[in-house]
>>> print(open('run-v4.csv').read())   # CSV, C-alpha atoms
chain,number,residue,atom,x,y,z
A,191,MET,CA,199.6,34.7,135.2
A,192,ARG,CA,199.7,32.9,138.5
A,193,LEU,CA,196.2,32.1,139.7
A,194,THR,CA,196.6,31.4,143.4
A,195,PRO,CA,199.6,33.2,144.8
A,196,LEU,CA,198.8,32.2,148.4
A,197,LEU,CA,202.1,31.2,150.1
A,198,ARG,CA,201.2,29.9,153.5
A,199,ARG,CA,202.6,26.7,154.9
A,200,SER,CA,200.8,26.1,158.2
A,201,LEU,CA,198.3,23.8,159.8
A,202,SER,CA,195.6,26.5,159.4
A,203,ALA,CA,196.3,26.7,155.7
A,204,SER,CA,195.8,23.0,155.2
A,205,VAL,CA,192.6,23.2,157.2
A,206,ASP,CA,191.5,26.1,155.0
A,207,GLN,CA,192.3,24.1,152.0
A,208,LYS,CA,190.1,21.1,153.1
A,209,LEU,CA,187.3,23.5,154.0
A,210,THR,CA,187.6,25.3,150.7
A,211,PHE,CA,187.4,22.1,148.6
A,212,ALA,CA,184.7,20.4,150.8
A,213,ARG,CA,181.7,19.2,148.8
A,214,LEU,CA,178.6,21.2,149.5
A,215,TRP,CA,175.1,19.9,148.8
A,216,ALA,CA,172.5,22.0,147.1
A,217,VAL,CA,168.8,21.4,146.6
A,218,PHE,CA,166.9,22.5,143.5
A,219,ASP,CA,163.1,22.4,143.2
A,220,ALA,CA,162.3,21.5,139.6
A,221,LYS,CA,158.6,22.3,139.9
A,222,HIS,CA,157.4,24.2,136.8
A,223,GLN,CA,160.9,24.7,135.6
A,224,ASN,CA,162.2,24.3,132.1
A,225,PRO,CA,164.5,21.3,132.4
A,226,PHE,CA,166.9,22.4,129.6
A,227,ASN,CA,167.5,25.8,131.2
A,228,SER,CA,167.7,24.3,134.7
A,229,ALA,CA,170.2,21.8,133.3
A,230,GLU,CA,172.7,24.6,132.5
A,231,LEU,CA,172.3,26.0,136.1
A,232,ILE,CA,172.7,22.5,137.6
A,233,ALA,CA,175.7,21.7,135.3
A,234,ASN,CA,177.4,24.9,136.4
A,235,VAL,CA,177.1,23.9,140.1
A,236,LEU,CA,178.2,20.3,139.4
A,237,GLN,CA,181.3,21.8,137.7
A,238,GLY,CA,181.9,24.3,140.5
A,239,LYS,CA,181.6,27.2,138.2
A,240,ASP,CA,179.6,29.1,140.8
A,241,LYS,CA,182.7,29.4,143.0
A,242,PRO,CA,185.4,32.1,142.8
A,243,LEU,CA,188.1,29.4,143.0
A,244,TYR,CA,186.9,27.5,139.9
A,245,HIS,CA,189.6,26.1,137.7
A,246,TYR,CA,189.1,23.6,134.9
A,247,HIS,CA,191.7,21.2,136.2
A,248,THR,CA,190.3,21.3,139.8
A,249,ASP,CA,187.6,18.9,140.9
A,250,CYS,CA,185.6,21.5,142.9
A,251,GLY,CA,182.0,20.6,142.0
A,252,ASP,CA,179.2,20.3,144.4
A,253,HIS,CA,176.4,17.8,144.9
A,254,VAL,CA,172.9,18.7,143.6
A,255,VAL,CA,169.7,17.2,144.8
A,256,VAL,CA,166.8,17.8,142.5
A,257,ILE,CA,163.3,17.4,143.8
A,258,ASN,CA,159.9,17.4,142.1
A,259,CYS,CA,161.3,16.1,138.8
A,260,LYS,CA,157.9,14.8,137.8
A,261,ASP,CA,156.6,18.4,137.8
A,262,ILE,CA,159.0,19.8,135.2
A,263,SER,CA,157.4,21.9,132.4
A,264,LEU,CA,158.5,21.7,128.8
A,265,PRO,CA,158.0,24.6,126.5
A,266,TRP,CA,155.7,24.6,123.4
A,267,TYR,CA,154.8,21.1,122.2
A,268,GLU,CA,158.1,19.5,123.3
A,269,TRP,CA,156.4,16.7,125.2
A,270,LYS,CA,155.2,15.5,121.9
A,271,TYR,CA,158.1,16.5,119.5
A,272,ARG,CA,161.2,16.0,121.5
A,273,MET,CA,162.5,12.5,120.6
A,274,TYR,CA,165.1,10.4,122.4
A,275,TYR,CA,166.9,8.1,119.9
A,276,HIS,CA,168.3,4.7,120.7
A,277,HIS,CA,169.7,2.0,118.4
A,278,THR,CA,170.3,-1.6,119.5
A,279,ASP,CA,173.0,-2.1,116.8
A,280,TYR,CA,170.8,-4.8,115.2
A,281,ALA,CA,169.2,-4.2,111.8
A,282,GLY,CA,166.0,-2.3,112.3
A,283,GLY,CA,166.9,-1.7,115.9
A,284,ALA,CA,166.3,2.1,115.8
A,285,SER,CA,163.7,3.5,118.1
A,286,TRP,CA,162.5,7.0,118.9
A,287,THR,CA,160.8,7.7,122.2
A,288,ALA,CA,158.9,10.9,122.8
A,289,ALA,CA,159.6,13.0,125.9
A,290,TRP,CA,156.1,12.3,127.3
A,291,GLU,CA,156.6,8.6,126.9
A,292,MET,CA,160.0,8.7,128.6
A,293,HIS,CA,158.6,10.8,131.4
A,294,ASP,CA,155.8,8.2,132.0
A,295,LYS,CA,158.4,5.4,132.2
A,296,ASN,CA,160.8,7.4,134.4
A,297,PRO,CA,159.9,10.9,135.7
A,298,THR,CA,163.6,11.8,136.3
A,299,LYS,CA,164.9,10.7,132.9
A,300,VAL,CA,164.3,13.9,130.9
A,301,LEU,CA,166.2,16.1,133.4
A,302,GLU,CA,168.9,13.5,133.8
A,303,LYS,CA,169.5,13.5,130.0
A,304,ALA,CA,169.4,17.3,129.9
A,305,VAL,CA,172.0,17.6,132.6
A,306,TYR,CA,174.2,15.0,130.9
A,307,ARG,CA,174.1,17.0,127.7
A,308,ALA,CA,174.8,20.3,129.5
A,309,LEU,CA,178.0,18.9,131.1
A,310,PRO,CA,181.2,19.0,129.1
A,311,GLY,CA,181.8,15.7,127.3
A,312,ASP,CA,185.1,14.8,128.9
A,313,LEU,CA,186.2,12.0,131.3
A,314,THR,CA,184.8,13.9,134.3
A,315,ARG,CA,181.2,13.7,132.9
A,316,ARG,CA,180.2,10.4,134.6
A,317,LEU,CA,181.9,11.5,137.8
A,318,ARG,CA,179.9,14.7,137.9
A,319,MET,CA,176.7,12.9,137.0
A,320,SER,CA,177.2,10.6,140.0
A,321,ARG,CA,176.9,13.8,142.2
A,322,LEU,CA,173.5,14.5,140.8
A,323,HIS,CA,170.6,13.1,142.8
A,324,LEU,CA,167.2,13.2,141.2
A,325,TYR,CA,163.9,12.5,142.9
A,326,ALA,CA,160.5,12.4,141.3
A,327,ASP,CA,158.7,14.0,144.3
A,328,ASP,CA,159.8,16.0,147.3
A,329,SER,CA,160.6,13.0,149.5
A,330,ILE,CA,164.4,12.7,150.0
A,331,PRO,CA,166.2,10.0,152.0
A,332,ASP,CA,167.3,11.2,155.4
A,333,GLU,CA,171.0,10.4,154.8
A,334,ILE,CA,170.9,12.8,151.8
A,335,LYS,CA,168.7,15.4,153.4
A,336,GLU,CA,171.1,15.9,156.4
A,337,ASN,CA,173.9,17.0,154.0
A,338,ILE,CA,171.9,19.8,152.2
A,339,THR,CA,173.1,23.3,153.1
A,340,ARG,CA,171.6,25.6,150.5
A,341,GLN,CA,169.0,25.9,147.9
A,342,LEU,CA,169.5,27.0,144.3
A,343,ARG,CA,167.3,29.8,142.9
A,344,GLN,CA,164.5,28.7,140.7
A,345,LEU,CA,164.7,30.2,137.2
A,346,ARG,CA,161.1,31.2,137.1
A,347,LYS,CA,158.2,31.7,139.4
A,348,VAL,CA,155.8,28.9,140.1
A,349,PRO,CA,152.3,30.2,139.2
A,350,ARG,CA,149.5,29.7,141.7
A,351,LYS,CA,146.7,27.6,140.7
A,352,LEU,CA,143.1,28.5,141.6
A,353,ASP,CA,142.9,25.5,143.9
A,354,ASP,CA,146.0,26.7,145.8
A,355,ILE,CA,144.4,30.1,146.6
A,356,PRO,CA,142.6,30.0,150.0
A,357,GLU,CA,138.9,30.3,150.0
A,358,ASP,CA,138.7,33.7,151.8
A,359,GLU,CA,141.2,35.3,149.5
A,360,ARG,CA,139.2,34.1,146.5
A,361,ARG,CA,136.0,35.5,148.0
A,362,SER,CA,137.6,38.9,148.8
A,363,PHE,CA,138.9,39.3,145.2
A,364,PRO,CA,136.9,42.2,143.5
A,365,LYS,CA,134.4,41.1,140.9
A,366,LEU,CA,131.8,42.8,138.8
A,367,PHE,CA,129.0,40.2,138.9
A,368,ASP,CA,128.1,36.7,140.0
A,369,PHE,CA,127.2,34.0,137.5
A,370,PRO,CA,123.7,32.7,137.8
A,371,GLU,CA,123.1,29.5,139.7
A,372,ASN,CA,122.3,27.4,136.6
A,373,HIS,CA,125.2,28.7,134.5
A,374,THR,CA,127.8,26.1,133.6
A,375,LEU,CA,131.4,27.4,133.1
B,1245,MET,CA,244.1,27.9,101.8
B,1246,VAL,CA,241.4,30.2,103.1
B,1247,THR,CA,241.5,31.2,106.8
B,1248,LEU,CA,238.0,31.5,108.2
B,1249,THR,CA,236.9,33.8,111.0
B,1250,SER,CA,235.3,32.2,114.1
B,1251,VAL,CA,231.9,33.4,112.9
B,1252,LEU,CA,232.0,31.3,109.8
B,1253,ALA,CA,233.9,28.4,111.3
B,1254,HIS,CA,230.7,26.4,112.0
B,1255,TRP,CA,229.9,26.1,108.3
B,1256,VAL,CA,232.9,23.9,107.8
B,1257,LYS,CA,231.9,20.2,107.5
B,1258,THR,CA,234.1,18.5,110.1
B,1259,PRO,CA,233.1,15.6,112.3
B,1260,ALA,CA,233.4,17.9,115.4
B,1261,ASN,CA,230.8,20.4,114.1
B,1262,ARG,CA,228.5,17.5,113.0
B,1263,TYR,CA,228.6,16.3,116.6
B,1264,TRP,CA,227.9,19.6,118.3
B,1265,LYS,CA,225.0,20.3,115.9
B,1266,ARG,CA,223.4,17.1,116.9
B,1267,ARG,CA,224.2,17.6,120.5
B,1268,ARG,CA,222.3,20.9,120.5
B,1269,VAL,CA,219.2,19.1,119.2
B,1270,PHE,CA,219.4,16.1,121.4
B,1271,ILE,CA,219.6,18.3,124.5
B,1272,GLU,CA,216.1,19.7,123.5
B,1273,SER,CA,214.7,16.3,122.5
B,1274,GLY,CA,215.9,14.4,125.5
B,1275,HIS,CA,212.4,14.0,127.0
B,1276,PHE,CA,210.7,12.7,123.8
B,1277,TYR,CA,209.5,9.1,123.4
B,1278,GLY,CA,211.2,6.5,121.4
B,1279,ARG,CA,213.7,7.1,118.6
B,1280,SER,CA,212.7,10.8,118.3
B,1281,ARG,CA,214.9,11.1,121.4
B,1282,ASN,CA,218.2,10.0,119.9
B,1283,CYS,CA,217.9,9.7,116.1
B,1284,TYR,CA,218.7,13.1,114.6
B,1285,ALA,CA,216.5,12.9,111.5
B,1286,ILE,CA,213.5,12.1,113.6
B,1287,ALA,CA,214.4,14.3,116.5
B,1288,ILE,CA,214.8,17.5,114.5
B,1289,ARG,CA,211.3,17.0,112.9
B,1290,ARG,CA,209.7,16.4,116.2
B,1291,LEU,CA,211.5,19.3,117.8
B,1292,GLU,CA,210.3,21.7,115.1
B,1293,LYS,CA,206.7,20.5,115.7
B,1294,ALA,CA,207.2,20.8,119.5
B,1295,TRP,CA,208.4,24.4,119.2
B,1296,THR,CA,205.4,25.2,117.0
B,1297,ASN,CA,203.0,23.7,119.6
B,1298,ALA,CA,204.8,25.6,122.3
B,1299,LYS,CA,204.3,28.8,120.4
B,1300,HIS,CA,200.6,28.2,120.1
B,1301,GLY,CA,200.5,27.2,123.7
B,1302,ARG,CA,201.9,30.5,124.8
B,1303,ALA,CA,199.0,32.3,123.2
B,1304,ASP,CA,196.4,29.8,124.5
B,1305,LEU,CA,197.7,30.1,128.0
B,1306,LYS,CA,197.0,33.8,128.0
B,1307,LYS,CA,193.5,33.1,126.7
B,1308,THR,CA,192.6,30.3,129.1
B,1309,THR,CA,194.0,32.3,132.1
B,1310,SER,CA,191.9,35.3,131.1
B,1311,GLN,CA,188.8,33.0,130.8
B,1312,THR,CA,189.5,31.5,134.2
B,1313,TRP,CA,189.7,35.0,135.8
B,1314,GLN,CA,186.4,36.0,134.1
B,1315,SER,CA,184.6,32.9,135.2
B,1316,ARG,CA,185.8,33.4,138.8
B,1317,ILE,CA,184.7,37.0,138.8
B,1318,SER,CA,181.3,36.2,137.3
B,1319,ALA,CA,180.8,33.3,139.8
B,1320,SER,CA,181.2,35.9,142.6
B,1321,THR,CA,179.1,38.6,141.0
B,1322,GLU,CA,176.2,36.3,140.1
B,1323,SER,CA,176.0,35.0,143.7
B,1324,LEU,CA,175.5,38.7,144.6
B,1325,GLY,CA,172.9,39.2,141.9
B,1326,LEU,CA,174.8,41.0,139.2
B,1327,ASN,CA,176.1,39.6,135.9
B,1328,TYR,CA,179.7,40.0,134.7
B,1329,PHE,CA,179.2,42.6,132.0
B,1330,PRO,CA,177.1,45.1,134.0
B,1331,PHE,CA,179.7,44.7,136.7
B,1332,ALA,CA,182.6,45.4,134.4
B,1333,HIS,CA,180.8,48.2,132.7
B,1334,GLY,CA,179.8,49.8,136.1
B,1335,LEU,CA,183.4,49.7,137.4
B,1336,ALA,CA,184.7,51.2,134.2
B,1337,HIS,CA,182.1,53.9,134.4
B,1338,GLN,CA,183.0,54.6,138.1
B,1339,GLN,CA,186.6,54.9,137.0
B,1340,VAL,CA,187.8,51.9,139.1
B,1341,ALA,CA,190.9,50.8,137.2
B,1342,LEU,CA,191.2,47.2,138.4
B,1343,GLY,CA,192.0,44.4,135.9
B,1344,LYS,CA,190.6,40.9,135.7
B,1345,LYS,CA,193.5,39.4,137.6
B,1346,VAL,CA,193.1,41.7,140.6
B,1347,LEU,CA,189.3,41.3,140.6
B,1348,ALA,CA,189.6,37.5,140.4
B,1349,ASP,CA,192.0,37.5,143.3
B,1350,LEU,CA,189.8,39.8,145.3
B,1351,ALA,CA,186.9,37.5,144.6
B,1352,TRP,CA,188.3,34.6,146.6
B,1353,SER,CA,190.7,36.3,149.0
B,1354,GLU,CA,188.7,39.4,150.0
B,1355,PRO,CA,185.0,38.7,149.5
B,1356,ARG,CA,183.9,41.8,151.5
B,1357,SER,CA,185.9,44.2,149.4
B,1358,PHE,CA,184.6,42.5,146.3
B,1359,ARG,CA,181.0,42.9,147.6
B,1360,SER,CA,181.5,46.6,148.0
B,1361,LEU,CA,182.8,46.7,144.4
B,1362,VAL,CA,179.7,44.9,143.3
B,1363,GLU,CA,177.5,47.5,145.2
B,1364,LEU,CA,179.5,50.3,143.5
B,1365,ALA,CA,178.8,48.8,140.1
B,1366,ARG,CA,175.2,48.0,140.9
B,1367,ASN,CA,174.5,51.6,142.0
B,1368,ASP,CA,176.0,52.7,138.7
B,1369,ALA,CA,174.0,50.2,136.7
B,1370,CYS,CA,170.7,51.2,138.5
B,1371,LYS,CA,170.9,54.5,136.7
B,1372,ASP,CA,170.1,52.4,133.6
B,1373,PRO,CA,166.8,50.6,134.2
B,1374,ALA,CA,167.7,47.9,131.6
B,1375,HIS,CA,170.3,46.4,134.0
B,1376,ILE,CA,168.1,46.3,137.2
B,1377,GLY,CA,167.4,42.7,138.0
B,1378,GLU,CA,164.7,41.8,140.6
B,1379,PRO,CA,165.4,38.6,142.5
B,1380,ASN,CA,162.8,35.9,142.4
B,1381,GLU,CA,160.3,35.8,145.2
B,1382,ASN,CA,160.5,32.1,145.7
B,1383,VAL,CA,164.0,32.1,147.1
B,1384,ILE,CA,165.0,30.5,150.3
B,1385,LEU,CA,168.3,32.1,151.6
B,1386,GLY,CA,171.1,29.6,151.7
B,1387,SER,CA,174.8,29.9,152.4
B,1388,GLU,CA,175.0,32.7,149.8
B,1389,GLY,CA,172.5,34.8,151.6
B,1390,VAL,CA,173.5,34.2,155.2
B,1391,ASP,CA,176.3,36.7,155.6
B,1392,LYS,CA,174.8,39.6,153.8
>>> encode(input="run-v4.csv", output="structure tokens")
Amino acid sequence: MRLTPLLRRSLSASVDQKLTFARLWAVFDAKHQNPFNSAELIANVLQGKDKPLYHYHTDCGDHVVVINCKDISLPWYEWKYRMYYHHTDYAGGASWTAAWEMHDKNPTKVLEKAVYRALPGDLTRRLRMSRLHLYADDSIPDEIKENITRQLRQLRKVPRKLDDIPEDERRSFPKLFDFPENHTL
Amino acid sequence: MVTLTSVLAHWVKTPANRYWKRRRVFIESGHFYGRSRNCYAIAIRRLEKAWTNAKHGRADLKKTTSQTWQSRISASTESLGLNYFPFAHGLAHQQVALGKKVLADLAWSEPRSFRSLVELARNDACKDPAHIGEPNENVILGSEGVDK
């Protein structure tokens, strides 16, 4: 039943210990990702569940830097129908904000709330949230960028838009006919 | 006058037996808070509850330990691109008789041995096309991909 039967008492052991429990910094590109599925992945990294030394009493979580939060992609009509509830505690103080409205006010808020819900609701939740760094676009401050050592896998491919495909590749794509000059697509 | 054997002697109501009966309980309840430490009527109730909790805890410890082993194993296998259940199924199919405890210890103490076990399970799982997972194209190799 013992989980870590490593019996070493030496200087190298204490150095190993410090290296093992060092905080790593990961970056996650949220472009075209479902924020609720991504939140589970990010919450696992914040808890340290992606490490073989995970234990629920050990504070072994990593930092996660999320970029391109403004380009998240919600499924179905969730921009319209997902509501964020708030009550001011005064009579008639209830308010419901749609996801698109929340996203207009703060482009990192939807992902932040999704990760907050994905983390376990104990006393470590705020501490773990403080290790989450959200950025609306891909510009990161230098003092954070210098810490990053790895990138998390995106959960799904980012599709290429027609504008992103170079002109010569578009021209060389096989086609059956050309539209006439005066045809409007 | 009835002479009792030593087995039945403790049923006799004497002040001495009353003392030792309480003493046995107070030894167990010495670390409790407040009067449940030294008042017998409260102590015996709290002690029964504590023993009940301890009994449940013995079962829970086995469960949580097993969950910890499983999450450690799946953390290692998922970083190598295989989920836990195809891994466990593949090892069983290859007749590798290693338990969760040994696998969890290998995962953090011998990552290279563990990687070869994952390869063994992956080769087994590749016979079943349902378990083949293709990694995403838009992946930049980080620390998890450096030492492959």
>>> interface_residues(input="run-v4.csv", of="chain A", to="chain B", cutoff="6 Å", atoms="all atoms listed in the file", output="JSON, numbers by chain")
{"A": [240, 241, 242, 340, 341, 343]}
>>> residues_around(input="run-v4.csv", residues="region 285-300 of chain A", least_positions_apart="4", cutoff="6 Å", atoms="all atoms listed in the file", output="count of residues only")
10
>>> atom_distance(input="run-v4.csv", atom1="CA of Pro310 (chain A)", atom2="CA of His245 (chain A)")
14.0 Å
>>> atom_distance(input="run-v4.csv", atom1="CA of Tyr1328 (chain B)", atom2="CA of Gly238 (chain A)")
16.9 Å
>>> atom_distance(input="run-v4.csv", atom1="CA of Arg1359 (chain B)", atom2="CA of Leu1324 (chain B)")
7.5 Å
>>> closest_residue(input="run-v4.csv", among="B:Arg1289, B:Lys1344, B:Arg1366, B:His1333", to="Phe1270 (chain B)", atoms="all atoms listed in the file")
B:Arg1289
>>> closest_residue(input="run-v4.csv", among="A:His253, A:Arg346, A:His323, A:Arg213", to="Leu236 (chain A)", atoms="only C-alpha atoms")
A:His253
>>> closest_residue(input="run-v4.csv", among="A:Val235, A:Phe369, A:Asp354, A:Ala281", to="Arg318 (chain A)", atoms="only C-alpha atoms")
A:Val235
>>> residues_around(input="run-v4.csv", residues="Leu214 (chain A)", least_positions_apart="2", cutoff="7 Å", atoms="all atoms listed in the file", output="PDB file with C-alpha atoms, in the coordinates of the input")
ATOM      1  CA  ALA A 212     184.700  20.400 150.800  1.00  0.00           C
ATOM      2  CA  ALA A 216     172.500  22.000 147.100  1.00  0.00           C
ATOM      3  CA  ASP A 252     179.200  20.300 144.400  1.00  0.00           C
ATOM      4  CA  HIS A 253     176.400  17.800 144.900  1.00  0.00           C
ATOM      5  CA  THR A 339     173.100  23.300 153.100  1.00  0.00           C
TER       6      THR A 339
END
>>> decode(input="run-v4.csv", residues="region 283-300 of chain A", atoms="N, CA, C and O atoms", output="CSV table (one decimal), in the first residue's frame")
chain,number,residue,atom,x,y,z
A,283,GLY,N,-32.5,41.3,-8.3
A,283,GLY,CA,-31.1,41.5,-8.7
A,283,GLY,C,-30.6,40.4,-9.5
A,283,GLY,O,-29.4,40.3,-9.8
A,284,ALA,N,-31.4,39.5,-10.0
A,284,ALA,CA,-31.0,38.4,-10.8
A,284,ALA,C,-30.6,38.8,-12.2
A,284,ALA,O,-31.3,39.7,-12.7
A,285,SER,N,-29.6,38.3,-12.8
A,285,SER,CA,-29.3,38.6,-14.2
A,285,SER,C,-28.7,37.4,-14.9
A,285,SER,O,-28.0,36.6,-14.2
A,286,TRP,N,-29.0,37.3,-16.1
A,286,TRP,CA,-28.5,36.2,-16.9
A,286,TRP,C,-27.7,36.8,-18.1
A,286,TRP,O,-28.3,37.6,-18.8
A,287,THR,N,-26.5,36.4,-18.3
A,287,THR,CA,-25.7,36.9,-19.4
A,287,THR,C,-25.4,35.8,-20.3
A,287,THR,O,-24.9,34.7,-19.9
A,288,ALA,N,-25.7,36.0,-21.6
A,288,ALA,CA,-25.4,35.0,-22.6
A,288,ALA,C,-23.9,34.9,-22.9
A,288,ALA,O,-23.2,35.9,-22.6
A,289,ALA,N,-23.5,33.7,-23.4
A,289,ALA,CA,-22.0,33.5,-23.5
A,289,ALA,C,-21.4,34.5,-24.5
A,289,ALA,O,-20.3,35.0,-24.3
A,290,TRP,N,-22.2,34.9,-25.6
A,290,TRP,CA,-21.6,35.8,-26.6
A,290,TRP,C,-21.4,37.2,-26.0
A,290,TRP,O,-20.5,37.9,-26.3
A,291,GLU,N,-22.3,37.5,-25.0
A,291,GLU,CA,-22.3,38.8,-24.4
A,291,GLU,C,-21.1,38.9,-23.4
A,291,GLU,O,-20.3,39.9,-23.4
A,292,MET,N,-20.9,37.8,-22.7
A,292,MET,CA,-19.8,37.7,-21.8
A,292,MET,C,-18.5,37.7,-22.6
A,292,MET,O,-17.5,38.4,-22.1
A,293,HIS,N,-18.5,37.1,-23.7
A,293,HIS,CA,-17.2,37.0,-24.6
A,293,HIS,C,-16.9,38.4,-25.1
A,293,HIS,O,-15.7,38.7,-25.3
A,294,ASP,N,-18.0,39.2,-25.4
A,294,ASP,CA,-17.7,40.6,-25.9
A,294,ASP,C,-17.1,41.4,-24.8
A,294,ASP,O,-16.2,42.2,-25.1
A,295,LYS,N,-17.6,41.2,-23.6
A,295,LYS,CA,-17.0,42.1,-22.5
A,295,LYS,C,-15.6,41.7,-22.2
A,295,LYS,O,-14.7,42.5,-22.0
A,296,ASN,N,-15.4,40.3,-22.1
A,296,ASN,CA,-14.1,39.8,-21.7
A,296,ASN,C,-13.8,38.5,-22.4
A,296,ASN,O,-14.4,37.5,-22.1
A,297,PRO,N,-12.9,38.5,-23.4
A,297,PRO,CA,-12.7,37.3,-24.2
A,297,PRO,C,-12.1,36.1,-23.5
A,297,PRO,O,-12.0,35.1,-24.1
A,298,THR,N,-11.6,36.3,-22.3
A,298,THR,CA,-11.1,35.2,-21.6
A,298,THR,C,-12.0,34.6,-20.5
A,298,THR,O,-11.7,33.6,-19.9
A,299,LYS,N,-13.2,35.2,-20.4
A,299,LYS,CA,-14.1,34.9,-19.2
A,299,LYS,C,-14.7,33.5,-19.4
A,299,LYS,O,-14.9,32.7,-18.4
A,300,VAL,N,-15.1,33.1,-20.6
A,300,VAL,CA,-15.8,31.9,-20.8
A,300,VAL,C,-14.9,30.7,-20.5
A,300,VAL,O,-15.3,29.8,-19.8
